[in-house]
Each structure stands twice: as structure tokens, then as C-alpha cells.
$ cat final.cif   # mmCIF, N, CA and C atoms
data_work
#
loop_
_atom_site.label_atom_id
_atom_site.label_comp_id
_atom_site.auth_asym_id
_atom_site.auth_seq_id
_atom_site.Cartn_x
_atom_site.Cartn_y
_atom_site.Cartn_z
N MET A 774 123.73 150.16 139.89
CA MET A 774 123.98 149.31 138.76
C MET A 774 124.40 147.91 139.18
N GLN A 775 125.18 147.84 140.21
CA GLN A 775 125.67 146.56 140.67
C GLN A 775 124.52 145.68 141.16
N GLU A 776 123.53 146.26 141.77
CA GLU A 776 122.40 145.49 142.28
C GLU A 776 121.61 144.84 141.15
N ASN A 777 121.49 145.51 139.99
CA ASN A 777 120.74 144.97 138.86
C ASN A 777 121.41 143.70 138.32
N THR A 778 122.72 143.67 138.22
CA THR A 778 123.40 142.48 137.70
C THR A 778 123.29 141.33 138.69
N GLU A 779 123.40 141.62 139.98
CA GLU A 779 123.25 140.56 140.97
C GLU A 779 121.83 140.02 140.96
N LEU A 780 120.87 140.91 140.80
CA LEU A 780 119.48 140.50 140.76
C LEU A 780 119.23 139.62 139.55
N GLY A 781 119.82 139.99 138.40
CA GLY A 781 119.66 139.19 137.20
C GLY A 781 120.29 137.82 137.36
N ALA A 782 121.44 137.75 137.96
CA ALA A 782 122.11 136.47 138.18
C ALA A 782 121.30 135.61 139.13
N ASN A 783 120.76 136.22 140.16
CA ASN A 783 119.94 135.47 141.12
C ASN A 783 118.66 134.97 140.45
N TRP A 784 118.09 135.78 139.62
CA TRP A 784 116.86 135.40 138.92
C TRP A 784 117.11 134.20 138.01
N GLU A 785 118.21 134.24 137.24
CA GLU A 785 118.55 133.12 136.36
C GLU A 785 118.79 131.86 137.16
N GLY A 786 119.47 131.99 138.28
CA GLY A 786 119.72 130.84 139.15
C GLY A 786 118.42 130.27 139.68
N PHE A 787 117.51 131.15 140.06
CA PHE A 787 116.22 130.72 140.58
C PHE A 787 115.43 129.95 139.52
N VAL A 788 115.43 130.48 138.28
CA VAL A 788 114.70 129.81 137.19
C VAL A 788 115.32 128.45 136.90
N LYS A 789 116.64 128.38 136.84
CA LYS A 789 117.32 127.10 136.59
C LYS A 789 117.00 126.09 137.69
N MET A 790 117.00 126.56 138.95
CA MET A 790 116.70 125.68 140.06
C MET A 790 115.26 125.16 139.96
N LEU A 791 114.32 126.03 139.58
CA LEU A 791 112.93 125.63 139.42
C LEU A 791 112.77 124.58 138.31
N LEU A 792 113.41 124.84 137.16
CA LEU A 792 113.34 123.90 136.04
C LEU A 792 113.90 122.54 136.44
N HIS A 793 115.00 122.57 137.20
CA HIS A 793 115.62 121.31 137.61
C HIS A 793 114.74 120.55 138.60
N ARG A 794 114.20 121.24 139.57
CA ARG A 794 113.37 120.57 140.58
C ARG A 794 112.05 120.06 140.03
N LEU A 795 111.48 120.77 139.05
CA LEU A 795 110.19 120.36 138.50
C LEU A 795 110.36 119.43 137.28
N ASP A 796 111.58 119.06 136.99
CA ASP A 796 111.88 118.17 135.86
C ASP A 796 111.34 118.71 134.53
N ILE A 797 111.52 119.99 134.28
CA ILE A 797 111.11 120.61 133.02
C ILE A 797 112.34 120.67 132.12
N PRO A 798 112.27 120.09 130.93
CA PRO A 798 113.46 120.08 130.07
C PRO A 798 113.80 121.48 129.55
N THR A 799 115.07 121.75 129.46
CA THR A 799 115.53 123.02 128.93
C THR A 799 115.83 122.86 127.44
N ARG A 800 116.16 123.95 126.79
CA ARG A 800 116.48 123.93 125.36
C ARG A 800 117.69 123.02 125.11
N GLY A 801 118.66 123.06 126.00
CA GLY A 801 119.85 122.21 125.88
C GLY A 801 119.49 120.74 125.98
N ASP A 802 118.58 120.41 126.91
CA ASP A 802 118.15 119.02 127.05
C ASP A 802 117.47 118.52 125.78
N ILE A 803 116.62 119.34 125.20
CA ILE A 803 115.91 118.97 123.98
C ILE A 803 116.89 118.82 122.82
N HIS A 804 117.88 119.71 122.75
CA HIS A 804 118.90 119.62 121.71
C HIS A 804 119.68 118.31 121.84
N ASP A 805 120.04 117.95 123.08
CA ASP A 805 120.76 116.69 123.31
C ASP A 805 119.92 115.49 122.90
N LEU A 806 118.62 115.53 123.20
CA LEU A 806 117.74 114.43 122.80
C LEU A 806 117.66 114.29 121.29
N HIS A 807 117.58 115.42 120.58
CA HIS A 807 117.55 115.38 119.12
C HIS A 807 118.84 114.78 118.56
N ALA A 808 119.96 115.16 119.15
CA ALA A 808 121.25 114.62 118.69
C ALA A 808 121.30 113.11 118.92
N ARG A 809 120.82 112.65 120.06
CA ARG A 809 120.82 111.21 120.33
C ARG A 809 119.88 110.46 119.38
N LEU A 810 118.72 111.06 119.08
CA LEU A 810 117.80 110.43 118.13
C LEU A 810 118.41 110.34 116.74
N ASP A 811 119.12 111.39 116.33
CA ASP A 811 119.79 111.36 115.03
C ASP A 811 120.81 110.23 114.96
N LYS A 812 121.58 110.07 116.03
CA LYS A 812 122.56 108.98 116.07
C LYS A 812 121.88 107.62 115.99
N LEU A 813 120.77 107.46 116.70
CA LEU A 813 120.04 106.19 116.66
C LEU A 813 119.50 105.90 115.27
N GLU A 814 118.96 106.91 114.61
CA GLU A 814 118.44 106.72 113.25
C GLU A 814 119.56 106.32 112.30
N GLN A 815 120.72 106.93 112.44
CA GLN A 815 121.86 106.57 111.60
C GLN A 815 122.27 105.13 111.84
N LEU A 816 122.27 104.69 113.09
CA LEU A 816 122.61 103.30 113.40
C LEU A 816 121.59 102.34 112.81
N ILE A 817 120.33 102.70 112.85
CA ILE A 817 119.29 101.84 112.29
C ILE A 817 119.48 101.69 110.79
N TYR A 818 119.77 102.79 110.09
CA TYR A 818 119.97 102.72 108.64
C TYR A 818 121.24 101.96 108.29
N GLN A 819 122.26 102.00 109.16
CA GLN A 819 123.48 101.24 108.90
C GLN A 819 123.24 99.75 109.10
N LYS A 820 122.42 99.39 110.07
CA LYS A 820 122.15 97.98 110.34
C LYS A 820 121.26 97.36 109.27
N GLN A 821 120.33 98.14 108.68
CA GLN A 821 119.40 97.62 107.69
C GLN A 821 119.53 98.41 106.39
N PRO A 822 120.62 98.23 105.67
CA PRO A 822 120.77 99.01 104.44
C PRO A 822 119.81 98.58 103.35
N GLY A 823 119.32 97.35 103.38
CA GLY A 823 118.41 96.86 102.35
C GLY A 823 117.08 97.60 102.35
N VAL A 824 116.61 98.01 103.51
CA VAL A 824 115.32 98.70 103.60
C VAL A 824 115.39 100.01 102.84
N ARG A 825 116.44 100.73 103.01
CA ARG A 825 116.55 102.03 102.36
C ARG A 825 116.74 101.86 100.85
N LYS A 826 117.49 100.86 100.42
CA LYS A 826 117.72 100.64 99.00
C LYS A 826 116.45 100.23 98.28
N GLU A 827 115.61 99.44 98.93
CA GLU A 827 114.37 99.00 98.30
C GLU A 827 113.45 100.18 98.01
N THR A 828 113.39 101.13 98.92
CA THR A 828 112.52 102.28 98.69
C THR A 828 113.04 103.12 97.54
N VAL A 829 114.36 103.20 97.38
CA VAL A 829 114.92 103.95 96.27
C VAL A 829 114.61 103.24 94.96
N GLN A 830 114.69 101.91 94.95
CA GLN A 830 114.42 101.15 93.74
C GLN A 830 112.96 101.24 93.34
N LYS A 831 112.05 101.29 94.30
CA LYS A 831 110.64 101.38 93.99
C LYS A 831 110.32 102.69 93.27
N THR A 832 110.93 103.77 93.70
CA THR A 832 110.66 105.04 93.05
C THR A 832 111.31 105.10 91.67
N ALA A 833 112.40 104.36 91.47
CA ALA A 833 113.08 104.39 90.18
C ALA A 833 112.29 103.61 89.13
N LYS A 834 111.44 102.68 89.53
CA LYS A 834 110.68 101.86 88.59
C LYS A 834 109.45 102.57 88.05
N ARG A 835 109.09 103.70 88.59
CA ARG A 835 107.90 104.42 88.16
C ARG A 835 108.08 104.90 86.72
N LYS A 836 107.05 104.69 85.90
CA LYS A 836 107.10 105.06 84.50
C LYS A 836 106.45 106.41 84.29
N SER A 837 106.89 107.09 83.24
CA SER A 837 106.28 108.37 82.92
C SER A 837 104.93 108.12 82.24
N ALA A 838 104.11 109.14 82.22
CA ALA A 838 102.79 109.02 81.60
C ALA A 838 102.93 108.76 80.10
N SER A 839 103.92 109.37 79.47
CA SER A 839 104.13 109.16 78.03
C SER A 839 104.49 107.72 77.73
N SER A 840 105.34 107.12 78.57
CA SER A 840 105.73 105.73 78.32
C SER A 840 104.56 104.78 78.54
N VAL A 841 103.69 105.10 79.49
CA VAL A 841 102.50 104.27 79.72
C VAL A 841 101.59 104.31 78.49
N VAL A 842 101.35 105.51 77.97
CA VAL A 842 100.49 105.67 76.79
C VAL A 842 101.12 104.98 75.59
N LEU A 843 102.43 105.11 75.43
CA LEU A 843 103.13 104.48 74.31
C LEU A 843 103.03 102.96 74.38
N GLU A 844 103.13 102.39 75.57
CA GLU A 844 102.99 100.93 75.73
C GLU A 844 101.58 100.47 75.34
N ILE A 845 100.58 101.23 75.72
CA ILE A 845 99.20 100.85 75.39
C ILE A 845 98.99 100.91 73.89
N ILE A 846 99.49 101.95 73.26
CA ILE A 846 99.36 102.06 71.80
C ILE A 846 100.12 100.95 71.11
N ALA A 847 101.27 100.55 71.67
CA ALA A 847 102.08 99.48 71.08
C ALA A 847 101.36 98.12 71.16
N ASN A 848 100.46 97.96 72.11
CA ASN A 848 99.72 96.70 72.24
C ASN A 848 98.73 96.48 71.09
N TYR A 849 98.44 97.52 70.35
CA TYR A 849 97.51 97.44 69.22
C TYR A 849 98.27 97.76 67.93
N PRO A 850 98.78 96.76 67.23
CA PRO A 850 99.59 97.02 66.03
C PRO A 850 98.82 97.73 64.92
N GLU A 851 97.53 97.50 64.81
CA GLU A 851 96.73 98.15 63.76
C GLU A 851 96.35 99.58 64.16
N GLY A 852 96.51 99.90 65.42
CA GLY A 852 96.15 101.22 65.92
C GLY A 852 94.99 101.12 66.90
N THR A 853 94.88 102.10 67.76
CA THR A 853 93.81 102.12 68.75
C THR A 853 93.24 103.53 68.85
N ASN A 854 92.03 103.60 69.39
CA ASN A 854 91.37 104.90 69.46
C ASN A 854 91.58 105.57 70.82
N PHE A 855 91.19 106.81 70.88
CA PHE A 855 91.36 107.64 72.07
C PHE A 855 90.62 107.05 73.27
N LYS A 856 89.43 106.56 73.04
CA LYS A 856 88.59 106.03 74.12
C LYS A 856 89.25 104.82 74.79
N THR A 857 89.87 103.97 74.01
CA THR A 857 90.54 102.79 74.55
C THR A 857 91.75 103.20 75.39
N ILE A 858 92.50 104.16 74.89
CA ILE A 858 93.68 104.64 75.64
C ILE A 858 93.24 105.28 76.95
N LYS A 859 92.18 106.05 76.90
CA LYS A 859 91.68 106.72 78.10
C LYS A 859 91.21 105.71 79.13
N ALA A 860 90.51 104.67 78.67
CA ALA A 860 90.02 103.64 79.60
C ALA A 860 91.18 102.88 80.23
N ALA A 861 92.24 102.63 79.48
CA ALA A 861 93.37 101.85 79.99
C ALA A 861 94.23 102.65 80.96
N THR A 862 94.37 103.96 80.71
CA THR A 862 95.24 104.76 81.57
C THR A 862 94.50 105.44 82.71
N GLY A 863 93.29 105.88 82.46
CA GLY A 863 92.55 106.60 83.49
C GLY A 863 92.90 108.08 83.53
N TYR A 864 93.70 108.55 82.56
CA TYR A 864 94.05 109.97 82.51
C TYR A 864 92.86 110.77 81.99
N ASP A 865 92.81 112.04 82.39
CA ASP A 865 91.74 112.90 81.88
C ASP A 865 92.04 113.31 80.44
N ASP A 866 91.03 113.86 79.77
CA ASP A 866 91.13 114.17 78.33
C ASP A 866 92.30 115.10 78.01
N LYS A 867 92.44 116.16 78.77
CA LYS A 867 93.47 117.17 78.46
C LYS A 867 94.86 116.57 78.57
N LYS A 868 95.12 115.84 79.64
CA LYS A 868 96.44 115.22 79.83
C LYS A 868 96.73 114.24 78.70
N LEU A 869 95.75 113.42 78.38
CA LEU A 869 95.93 112.40 77.35
C LEU A 869 96.15 113.03 75.98
N ARG A 870 95.42 114.07 75.66
CA ARG A 870 95.60 114.75 74.37
C ARG A 870 96.98 115.39 74.27
N ASN A 871 97.45 115.96 75.36
CA ASN A 871 98.80 116.54 75.36
C ASN A 871 99.87 115.47 75.16
N ILE A 872 99.70 114.34 75.81
CA ILE A 872 100.67 113.25 75.66
C ILE A 872 100.69 112.74 74.23
N ILE A 873 99.51 112.52 73.66
CA ILE A 873 99.42 112.02 72.28
C ILE A 873 100.01 113.05 71.31
N PHE A 874 99.77 114.32 71.55
CA PHE A 874 100.33 115.36 70.69
C PHE A 874 101.86 115.32 70.74
N ARG A 875 102.42 115.21 71.96
CA ARG A 875 103.88 115.16 72.08
C ARG A 875 104.47 113.92 71.44
N LEU A 876 103.84 112.77 71.65
CA LEU A 876 104.34 111.54 71.04
C LEU A 876 104.30 111.61 69.52
N ASP A 877 103.26 112.22 68.98
CA ASP A 877 103.15 112.39 67.53
C ASP A 877 104.22 113.37 67.03
N LYS A 878 104.44 114.42 67.79
CA LYS A 878 105.39 115.45 67.38
C LYS A 878 106.82 114.91 67.35
N ILE A 879 107.19 114.05 68.31
CA ILE A 879 108.55 113.51 68.33
C ILE A 879 108.70 112.27 67.47
N GLY A 880 107.61 111.81 66.88
CA GLY A 880 107.69 110.71 65.93
C GLY A 880 107.61 109.32 66.53
N LYS A 881 107.08 109.18 67.72
CA LYS A 881 106.93 107.86 68.34
C LYS A 881 105.65 107.17 67.86
N ILE A 882 104.63 107.96 67.57
CA ILE A 882 103.37 107.39 67.07
C ILE A 882 102.96 108.16 65.82
N GLU A 883 101.99 107.60 65.12
CA GLU A 883 101.44 108.31 63.97
C GLU A 883 99.92 108.20 64.01
N LYS A 884 99.27 109.17 63.39
CA LYS A 884 97.81 109.16 63.31
C LYS A 884 97.43 108.37 62.06
N VAL A 885 96.71 107.27 62.25
CA VAL A 885 96.23 106.48 61.12
C VAL A 885 95.10 107.25 60.45
N LYS A 886 94.17 107.68 61.26
CA LYS A 886 93.11 108.58 60.84
C LYS A 886 92.64 109.29 62.08
N ARG A 887 91.66 110.12 61.98
CA ARG A 887 91.25 110.93 63.12
C ARG A 887 90.85 110.05 64.31
N GLY A 888 91.58 110.23 65.43
CA GLY A 888 91.28 109.50 66.65
C GLY A 888 91.88 108.11 66.74
N ILE A 889 92.60 107.67 65.71
CA ILE A 889 93.24 106.35 65.72
C ILE A 889 94.75 106.55 65.67
N TYR A 890 95.45 105.94 66.64
CA TYR A 890 96.89 106.14 66.75
C TYR A 890 97.60 104.80 66.72
N LYS A 891 98.82 104.82 66.14
CA LYS A 891 99.59 103.59 65.94
C LYS A 891 101.05 103.91 66.26
N LYS A 892 101.74 102.96 66.87
CA LYS A 892 103.17 103.14 67.17
C LYS A 892 103.96 102.95 65.89
N ILE A 893 104.98 103.78 65.72
CA ILE A 893 105.84 103.69 64.54
C ILE A 893 106.94 102.68 64.80
#
$ encode --input "final.cif" --output "C-alpha cells"
Amino acid sequence: MQENTELGANWEGFVKMLLHRLDIPTRGDIHDLHARLDKLEQLIYQKQPGVRKETVQKTAKRKSASSVVLEIIANYPEGTNFKTIKAATGYDDKKLRNIIFRLDKIGKIEKVKRGIYKKI
């Protein structure tokens, strides 16, 4: 039994010596590199806080599909048809019909007549 533990210890030592001599990184080396990279990234974000804030603001300015459709309908006080809304938004028929249905249901728009919608 004693020989097996000595053999195992010698084997581990041999592998470590090989890795060191051949400059092969170990799991610990890779972990240390990741930790150093994380620290560097944190320093970069601390030095340039404006870059990170601008990206957050850009995503906050994005409008919902319903608000886009509502703005287009609002541009036509007498009302506009489905084809005009579709051309302006580029949404497919199903999406656009669902949006118009929801806007009508919550009372943001009204149907003037079939296919013609007006903002309330």
C-alpha cells in the first residue's frame, strides 16, 4: 500500500514538472488570468463611465410597436387605412392587426369605418 501512494506522489510531481518545463498552463494559471482580466475590465469601465451609460440610454429610447403604430395613426387626424400603416411600419399583417385590435380595445384609437383608424 505504501508503494502506491509514493508512486502517485511521484507521478503528480512528474506531471507538474513536465507542465512547467513545456510552458503548458495549468487550471490555476488560467483561473489567475481570468481574475486579472476581470480586474482590467472593471478598471476600464471605471475610467470610461460614459460609454456604459450611453449604451443603457440607447436601449431605453426604443419604442414599443404599439406606440409606433399609435404615432403613425396620430399623424392622420382624419384617419388612415391599414395599408398606409403597414407601409410605414413594415410589420406583417398579423402583428399589425393584433396591435390595432389592442389599441382599439383600450380606447386609444377608434374605427372610423372598416379599415380606417383614427386616434381618439
$ resolve_selection --input "final.cif" --expression "the PyMOL selection byres ((chain A and resi 866-881) around 6.5)" --output "JSON, numbers by chain"
{"A": [839, 864, 865, 882, 883, 891, 892, 893]}
$ atom_distance --input "final.cif" --atom1 "atom N of Arg887 (chain A)" --atom2 "CA of Glu844 (chain A)"
20.0 Å
$ select_by_dssp --input "final.cif" --residues "chain A" --states "alpha helix (DSSP H)" --output "ChimeraX atom specification"
/A:775-794,800-820,822-833,838-847,855-862,866-878
$ select_by_dssp --input "final.cif" --residues "region 817-892 of chain A" --states "strand (DSSP E or B)" --output "ChimeraX atom specification"
/A:853-854,882-886,889-892
$ atom_distance --input "final.cif" --atom1 "atom C of Ile846 (chain A)" --atom2 "CA of Lys834 (chain A)"
20.4 Å
$ closest_residue --input "final.cif" --among "A:Leu816, A:Asp805, A:Val842, A:Glu785" --to "Thr862 (chain A)" --atoms "only C-alpha atoms"
A:Val842
$ atom_distance --input "final.cif" --atom1 "CA of Asn848 (chain A)" --atom2 "CA of Lys836 (chain A)"
16.6 Å
$ closest_residue --input "final.cif" --among "A:Trp784, A:Gly801, A:Tyr818, A:Tyr890" --to "Ile845 (chain A)" --atoms "only C-alpha atoms"
A:Tyr890
$ resolve_selection --input "final.cif" --expression "the PyMOL selection byres ((chain A and resi 853) around 7)" --output "ChimeraX atom specification"
/A:846,849-852,854-858,888-892
$ decode --input "final.cif" --residues "region 859-889 of chain A" --atoms "N, CA and C atoms" --output "mmCIF file, in the first residue's frame"
data_model
loop_
_atom_site.group_PDB
_atom_site.id
_atom_site.type_symbol
_atom_site.label_atom_id
_atom_site.label_comp_id
_atom_site.auth_asym_id
_atom_site.auth_seq_id
_atom_site.Cartn_x
_atom_site.Cartn_y
_atom_site.Cartn_z
ATOM 1 N N LYS A 859 -49.209 49.771 -42.549
ATOM 2 C CA LYS A 859 -48.305 48.658 -42.841
ATOM 3 C C LYS A 859 -47.069 49.138 -43.591
ATOM 4 N N ALA A 860 -47.267 50.035 -44.549
ATOM 5 C CA ALA A 860 -46.132 50.556 -45.321
ATOM 6 C C ALA A 860 -45.197 51.373 -44.437
ATOM 7 N N ALA A 861 -45.748 52.120 -43.488
ATOM 8 C CA ALA A 861 -44.930 52.981 -42.635
ATOM 9 C C ALA A 861 -44.156 52.184 -41.584
ATOM 10 N N THR A 862 -44.761 51.113 -41.067
ATOM 11 C CA THR A 862 -44.102 50.350 -40.008
ATOM 12 C C THR A 862 -43.281 49.184 -40.528
ATOM 13 N N GLY A 863 -43.755 48.528 -41.568
ATOM 14 C CA GLY A 863 -43.063 47.352 -42.072
ATOM 15 C C GLY A 863 -43.421 46.084 -41.315
ATOM 16 N N TYR A 864 -44.411 46.170 -40.409
ATOM 17 C CA TYR A 864 -44.833 44.989 -39.661
ATOM 18 C C TYR A 864 -45.672 44.087 -40.567
ATOM 19 N N ASP A 865 -45.671 42.796 -40.252
ATOM 20 C CA ASP A 865 -46.501 41.879 -41.031
ATOM 21 C C ASP A 865 -47.968 42.025 -40.621
ATOM 22 N N ASP A 866 -48.860 41.459 -41.428
ATOM 23 C CA ASP A 866 -50.308 41.637 -41.230
ATOM 24 C C ASP A 866 -50.772 41.210 -39.843
ATOM 25 N N LYS A 867 -50.352 40.041 -39.410
ATOM 26 C CA LYS A 867 -50.843 39.501 -38.136
ATOM 27 C C LYS A 867 -50.435 40.391 -36.971
ATOM 28 N N LYS A 868 -49.186 40.801 -36.942
ATOM 29 C CA LYS A 868 -48.703 41.662 -35.856
ATOM 30 C C LYS A 868 -49.459 42.984 -35.851
ATOM 31 N N LEU A 869 -49.621 43.567 -37.028
ATOM 32 C CA LEU A 869 -50.284 44.859 -37.133
ATOM 33 C C LEU A 869 -51.753 44.762 -36.743
ATOM 34 N N ARG A 870 -52.422 43.711 -37.142
ATOM 35 C CA ARG A 870 -53.838 43.536 -36.768
ATOM 36 C C ARG A 870 -53.993 43.364 -35.259
ATOM 37 N N ASN A 871 -53.077 42.632 -34.649
ATOM 38 C CA ASN A 871 -53.119 42.468 -33.191
ATOM 39 C C ASN A 871 -52.902 43.794 -32.470
ATOM 40 N N ILE A 872 -51.963 44.586 -32.959
ATOM 41 C CA ILE A 872 -51.697 45.889 -32.343
ATOM 42 C C ILE A 872 -52.912 46.794 -32.469
ATOM 43 N N ILE A 873 -53.498 46.850 -33.659
ATOM 44 C CA ILE A 873 -54.673 47.701 -33.876
ATOM 45 C C ILE A 873 -55.839 47.226 -33.010
ATOM 46 N N PHE A 874 -56.013 45.929 -32.884
ATOM 47 C CA PHE A 874 -57.076 45.388 -32.038
ATOM 48 C C PHE A 874 -56.882 45.830 -30.587
ATOM 49 N N ARG A 875 -55.636 45.709 -30.082
ATOM 50 C CA ARG A 875 -55.367 46.108 -28.700
ATOM 51 C C ARG A 875 -55.559 47.599 -28.486
ATOM 52 N N LEU A 876 -55.088 48.412 -29.424
ATOM 53 C CA LEU A 876 -55.256 49.862 -29.294
ATOM 54 C C LEU A 876 -56.731 50.248 -29.306
ATOM 55 N N ASP A 877 -57.519 49.570 -30.124
ATOM 56 C CA ASP A 877 -58.960 49.831 -30.168
ATOM 57 C C ASP A 877 -59.624 49.382 -28.864
ATOM 58 N N LYS A 878 -59.186 48.248 -28.359
ATOM 59 C CA LYS A 878 -59.793 47.696 -27.146
ATOM 60 C C LYS A 878 -59.531 48.585 -25.930
ATOM 61 N N ILE A 879 -58.331 49.175 -25.831
ATOM 62 C CA ILE A 879 -58.026 50.033 -24.678
ATOM 63 C C ILE A 879 -58.467 51.473 -24.887
ATOM 64 N N GLY A 880 -59.002 51.775 -26.059
ATOM 65 C CA GLY A 880 -59.572 53.089 -26.303
ATOM 66 C C GLY A 880 -58.604 54.155 -26.772
ATOM 67 N N LYS A 881 -57.480 53.771 -27.329
ATOM 68 C CA LYS A 881 -56.521 54.744 -27.858
ATOM 69 C C LYS A 881 -56.886 55.177 -29.276
ATOM 70 N N ILE A 882 -57.494 54.269 -30.032
ATOM 71 C CA ILE A 882 -57.920 54.594 -31.395
ATOM 72 C C ILE A 882 -59.371 54.166 -31.562
ATOM 73 N N GLU A 883 -59.965 54.626 -32.644
ATOM 74 C CA GLU A 883 -61.320 54.184 -32.968
ATOM 75 C C GLU A 883 -61.391 53.859 -34.449
ATOM 76 N N LYS A 884 -62.320 52.988 -34.796
ATOM 77 C CA LYS A 884 -62.529 52.628 -36.191
ATOM 78 C C LYS A 884 -63.526 53.625 -36.776
ATOM 79 N N VAL A 885 -63.088 54.378 -37.783
ATOM 80 C CA VAL A 885 -63.980 55.307 -38.461
ATOM 81 C C VAL A 885 -64.944 54.510 -39.323
ATOM 82 N N LYS A 886 -64.390 53.613 -40.092
ATOM 83 C CA LYS A 886 -65.149 52.631 -40.844
ATOM 84 C C LYS A 886 -64.213 51.473 -41.101
ATOM 85 N N ARG A 887 -64.643 50.489 -41.802
ATOM 86 C CA ARG A 887 -63.835 49.290 -41.969
ATOM 87 C C ARG A 887 -62.477 49.613 -42.608
ATOM 88 N N GLY A 888 -61.403 49.308 -41.867
ATOM 89 C CA GLY A 888 -60.051 49.512 -42.371
ATOM 90 C C GLY A 888 -59.510 50.920 -42.196
ATOM 91 N N ILE A 889 -60.288 51.835 -41.624
ATOM 92 C CA ILE A 889 -59.838 53.208 -41.395
ATOM 93 C C ILE A 889 -59.808 53.454 -39.891
#
